[in-house]
Amino acid sequence: MFEKILIANRGEIACRVIESARALGVRTVAVYSDADRAAKHVALADEAVHIGGSAPAESYLRGDVLIGVAKETGAQAIHPGYGFLSENPDFVEAVEAAGLVFIGPSASAIRAMGLKDAAKALMHEAGVPVVPGYHGKNQDPEHLAGAADEIGYPVLIKAVAGGGGKGMRLVETPSAFMDALESAKGEAKTAFGNEDVLIEKFVTQPRHIEVQVFGDGEKAVHLFERDCSLQRRHQKVIEEAPAPGMTAEMRAAMGDAAVKAAEAIGYKGAGTVEFIVDGSRGLRADGFWFMEMNTRLQVEHPVTEAITGVDLVEWQLRVASGEGLPKRQDELTITGHAFESRLYAEDVPKGFLPATGTLAHLAFPEGARADSGVRTNDTISPFYDPMIAKIITHGPSRAVALKRMARALAQTQVAGTVTNLSFLGALCAHEGFAAG
């Protein structure tokens with residue numbers, strides 16, 4: 001095991017890594033920007049080093065400075081957290097070239113999943129289901145109509161050079177295809193100077209279900225799924241594990257696909273394979289498709305920890321230091337249900353606009369896990385993500401875990417900035433969400 005690691009991050013994830021490192025007897029080096037001089041992660045670490053200005057480009061994104069600090073302080077490895085440099089393959093190579101260990105996957109694994117089209121082709125080869133579609137060069141209308149028939153309606157016609165919804169048409173029946181195609185091509189030519197389109201399966205009642213994987217560079221296991229369908233501005237708001245309505249057959253199929261994805265790229269460490277799921281007829285083993293892989297620890301990892309009893313950061317440190325996978329697949333089980341709510345400084349009525357302010361008061365209730373990088377009197381600055389905390393509850397059933405979450409949110413106290421606290425409470429009280 002390492003004696004000392006540097007954490008190339010800030011906020012709640014830096015605090016989270018420090019907690020697990022300390023439990024393993026590993027010393028930690030924090031880094032901080034001008035804005036973070038008095039931050040919680042700085043106070044928690046064994047050592048802290050100033051690395052530059054408040055903007056990320058002047059501090060947390062300066063890979064050469066981070067590597068220099070690691071070497072100066074005698075750290076043997078760098079934990080990237082998530083965001084910033086966590087999925088930057090050039091940084092991984094620079095860390096390894098400096099004789100240090102990167103606590104995460106290889107640069108080649110990150111690159112393999114970095115380009116969406118190439119990743120989908122790779123996953124298709126590995127036997128992982130990808131969204132059915134036609135991305136070919138043949139733009140003959142009859143050929144495209146045939147492709148749509150093969151994919152199965154409803155389909156989405158999308159401009160190859162598209163963006164902003166231009167050149168995009170939803171087609172629900174074969175009889176409507178030709179008119180929609182002509183309209184999409186015309187709009188695409190006007191908007192982008194390119195009338196070429198692709199055809200994709202349209203998922204009518206989509207759910208975002210992802211699978212936590214963990215690899216040692218050769219073999220991988222999965223730690224079951226998380227449902228992250230509750231989103232605002234395409235960002236997750238409340239996550240849960242396991243997914244409501246999941247069947248044993250579908251869980252086995254999704255877990256198998258996620259492990260295949262990880263093993264196909266020789267994945268090492270914690271990662272997440274994200275799937276788009278058709279929820280229109282309940283969860284079925286033939287109704288999920290690969291979207292992308294996040295080659296790092298995820299913000300919502302605590303719900304997986306709650307249902308499996310596994311400390312994922314501990315696993316990261318153990319595997320990166322040369323140990324094998326801590327558990328086999330048949331040793332991993334699900335106990336109960338867990339939720340995570342992301343508490344943000346943001347103005348909900350104004351479209352979830354990020355907010356700033358000094359926290360005059362911040363208190364979390366007993367009986368819930370609160371992962372936070374801020375305390376009373378700390379400032380939410382405009383330089384970083386305005387997350388205040390992640391609040392996590394666990395219970396023997398989904399209903400109990402959700403009631404515990406509603407109570408935890410009602411008892412959470414924040415003053416000094418606008419937040420999404422009442423919005424989270426309203427979601428937990430929503431009949432549709434309660435019904436899964």
# chains A, B, ... in the order shown; residues from 1 in each chain; ligands from 1
$ residues_around --residues "A:Arg27" --least-positions-apart "2" --cutoff "7 Å" --atoms "only C-alpha atoms" --output "PyMOL selection string"
chain A and resi 3-5+21-22+25+46
$ residues_around --residues "A:Glu210" --least-positions-apart "6" --cutoff "10 Å" --atoms "only C-alpha atoms" --output "list in words"
Phe224, Glu225, Arg226, Asp227, Cys228, Ser229, Ala241, Ala243, Met254, Gly255, Ala258, Thr272, Val273, Glu274, Phe275, Ile276, Val277, Phe290, Met291, Glu292, Met293 and Asn294 of chain A
$ closest_residue --among "A:Ala399, A:Val203, A:Gly99, A:Phe364" --to "A:Ala435" --atoms "only C-alpha atoms"
A:Ala399
$ residues_around --residues "A:Arg284" --least-positions-apart "2" --cutoff "6 Å" --atoms "only C-alpha atoms" --output "MDAnalysis selection string"
chainID A and resid 250 286:287
$ write_last_selection --atoms "all heavy atoms" --output "compact mmCIF listing (two decimals), in the first residue's frame"
# COMPACT_ATOMS: atom_id res chain seq x y z
N MET A 250 -32.51 -9.05 -16.54
CA MET A 250 -31.92 -7.84 -17.11
C MET A 250 -30.67 -7.42 -16.35
O MET A 250 -29.70 -6.96 -16.96
CB MET A 250 -32.93 -6.71 -17.12
CG MET A 250 -32.38 -5.46 -17.80
SD MET A 250 -33.67 -4.26 -18.13
CE MET A 250 -32.72 -2.91 -18.82
N ASP A 286 -33.61 -7.15 -23.58
CA ASP A 286 -33.26 -6.72 -24.94
C ASP A 286 -33.54 -5.23 -25.15
O ASP A 286 -33.55 -4.74 -26.27
CB ASP A 286 -34.03 -7.54 -25.98
CG ASP A 286 -35.54 -7.34 -25.87
OD1 ASP A 286 -36.01 -6.72 -24.89
OD2 ASP A 286 -36.27 -7.79 -26.78
N GLY A 287 -33.75 -4.50 -24.05
CA GLY A 287 -34.14 -3.09 -24.17
C GLY A 287 -33.16 -2.10 -23.58
O GLY A 287 -33.56 -1.08 -23.04
$ select_by_dssp --residues "stretch 215-425 of chain A" --states "strand (DSSP E or B)" --output "VMD selection string"
chain A and resid 215 to 216 220 to 232 235 to 241 268 to 278 280 282 288 to 294 337 to 344 346 to 347 353 to 354 357 to 358 361 to 363 369 to 372 379 to 380 387 to 395 413 to 415
$ residues_around --residues "A:Thr295" --least-positions-apart "5" --cutoff "12 Å" --atoms "only C-alpha atoms" --output "PyMOL selection string"
chain A and resi 80-83+85-89+103-114+212-215+261-262+265-274
$ closest_residue --among "A:Ala97, A:Phe177, A:Val171, A:Arg375" --to "A:His143" --atoms "only C-alpha atoms"
A:Phe177
$ atom_distance --atom1 "atom CA of A:Ala121" --atom2 "atom CA of A:Leu297"
23.8 Å
